[in-house]
Amino acid sequence: MTTLTAPAKKLELKDYKAEIPPDWCPGCGDFGVLNALMRACAELEVPPHELLVVSGIGCSSNLPGFLRAYGAHSLHGRALPFATGAKLANTSLTVIATGGDGDGYGIGLNHFIQAMRRNINITYIVMNNEIYGLTTGQVSPTSEHGMVTKSTPQGNLEHMLNPLALALASGCGYIARGFSGDPKHLLKLYMDGIQHPGFALIDVFSPCVTFNKQNTYHWFRDHVYRLEDNGHDPSDFHMATDRALEWGAKIPIGLFYRNLNPRPSLDQLDPALQNGPLVGKPPGLTKEQRKELVEEFM
């Protein structure tokens with residue numbers, strides 16, 4: 001007798017919607033970031049109980065609370081260390097870190113570099129609105145030179161941090177930039193980044209409609225163009241570097257660089273992680289292990 005089983009239910013966008021709706025300002029670019037992320041997880045059939053979203057502090061870092069999955073709202077600039085620990089403890093999880101340009105490229109900059117150097121299998125989505133939104137409009141690491149903000153009334157004296165060029169120099173294997181006003185394009189970048197075997201950076205132009213009156217939706221639509229429409233080869237490191245340095249009348253979005261032969265991630269190299277996730281191993285030491293340790297150190 002043949003036993004028939006019902007096919008598994010296909011995951012949909014609604015399966016990732018949390019009971020608490022987003023409380024961002026009306027028109028905030030982060031709505032588009034969240035919606036595209038939920039759609040990407042549904043398309044990739046990532047079960048909510050196997051998904052962890054970690055954030056730091058800021059408007060954008062509230063995102064895990066608006067997504068039905070495991071979530072952690074960590075310390076300012078510390079999303080990547082938290083996400084790294086979670087991924088190393090349970091390598092079967094799909095781990096996504098989210099944050100803003102202040103959180104990730106300011107106080108969290110060193111963690112950003114170290115995570116790329118270690119090539120942990122994490123997808124890092126940075127909502128880059130070129131201003132500190134939560135603290136009501138101060139200059140951020142990606143604010144343009146000369147930009148007038150609450151903290152720079154005479155214009156920003158510092159020059160912009162270039163996160164894409166920094167990622168290339170740090171050995172990141174998947175580097176992309178999207179725009180929350182182009183959700184279909186952003187969806188494809190998310191899906192590719194999540195499937196990339198190693199650290200993936202997706203920098204997203206996400207307009208702050210309340211405090212950044214310069215880099216608006218209209219401004220971005222006038223400036224951005226898609227790399228794939230202009231013959232870009234994402235496997236070419238030097239071409240990716242040239243495009244990453246491009247900022248002016250036209251600004252590229254899309255996949256800048258994908259390493260077709262990525263180096264192994266730290267979780268693939270650590271001997272302690274080769275026999276399955278740490279969370280699946282029994283706690284404590286066996287009598288034999290204790291004896292070996294005592295003999296080694298006595």
# chains A, B, ... in the order shown; residues from 1 in each chain; ligands from 1
>>> closest_atom_pairs(of="region 101-179 of chain A", to="region 259-267 of chain A", cutoff="9 Å", atoms="only C-alpha atoms", output="Markdown table")
| residue | atom | partner | partner_atom | distance |
| --- | --- | --- | --- | --- |
| A:Arg118 | CA | A:Leu266 | CA | 5.7 |
| A:Asn119 | CA | A:Ser265 | CA | 4.7 |
| A:Ile120 | CA | A:Ser265 | CA | 5.2 |
| A:Asn121 | CA | A:Ser265 | CA | 6.6 |
| A:Cys172 | CA | A:Asn259 | CA | 8.2 |
| A:Gly173 | CA | A:Asn259 | CA | 4.8 |
| A:Tyr174 | CA | A:Asn259 | CA | 6.6 |
>>> write_last_selection(atoms="N, CA and C atoms", output="short mmCIF file (atom, residue, chain, number, x, y, z; two decimals), in the first residue's frame")
data_model
loop_
_atom_site.label_atom_id
_atom_site.label_comp_id
_atom_site.auth_asym_id
_atom_site.auth_seq_id
_atom_site.Cartn_x
_atom_site.Cartn_y
_atom_site.Cartn_z
N ARG A 118 37.55 37.21 7.59
CA ARG A 118 37.30 35.82 8.02
C ARG A 118 36.39 35.09 7.05
N ASN A 119 35.66 35.85 6.22
CA ASN A 119 34.77 35.28 5.22
C ASN A 119 33.73 34.35 5.83
N ILE A 120 33.13 34.78 6.93
CA ILE A 120 32.04 34.01 7.53
C ILE A 120 30.84 34.05 6.58
N ASN A 121 30.09 32.95 6.51
CA ASN A 121 28.96 32.85 5.59
C ASN A 121 27.75 33.61 6.14
N CYS A 172 36.31 40.77 0.32
CA CYS A 172 34.92 40.32 0.29
C CYS A 172 34.62 39.65 -1.06
N GLY A 173 33.94 38.52 -1.02
CA GLY A 173 33.70 37.74 -2.24
C GLY A 173 32.43 38.07 -2.98
N TYR A 174 31.52 38.82 -2.34
CA TYR A 174 30.27 39.22 -3.02
C TYR A 174 29.96 40.64 -2.59
#
>>> closest_residue(among="A:Thr84, A:Asn162, A:Thr135, A:Gln268", to="Leu109 (chain A)", atoms="only C-alpha atoms")
A:Asn162
>>> residues_around(residues="Ala86 (chain A)", least_positions_apart="5", cutoff="10 Å", atoms="only C-alpha atoms", output="VMD selection string")
chain A and resid 52 54 80 to 81 91 93 to 95 279
>>> write_last_selection(atoms="C-alpha atoms", output="PDB file, in the first residue's frame")
ATOM      1  CA  LEU A  52      18.341  34.524  12.049  1.00  0.00           C
ATOM      2  CA  VAL A  54      20.801  40.311  13.660  1.00  0.00           C
ATOM      3  CA  LEU A  80      28.512  41.316  12.892  1.00  0.00           C
ATOM      4  CA  PRO A  81      30.290  39.854  15.977  1.00  0.00           C
ATOM      5  CA  THR A  91      26.197  26.598  10.806  1.00  0.00           C
ATOM      6  CA  LEU A  93      21.202  28.685  10.122  1.00  0.00           C
ATOM      7  CA  THR A  94      20.804  31.269   7.383  1.00  0.00           C
ATOM      8  CA  VAL A  95      22.254  34.347   9.109  1.00  0.00           C
ATOM      9  CA  VAL A 279      24.630  23.393  19.182  1.00  0.00           C
TER      10      VAL A 279
END
>>> select_by_dssp(residues="region 173-251 of chain A", states="helix (DSSP H, G or I)", output="ChimeraX atom specification")
/A:183-195,217-223,227-230,237-244
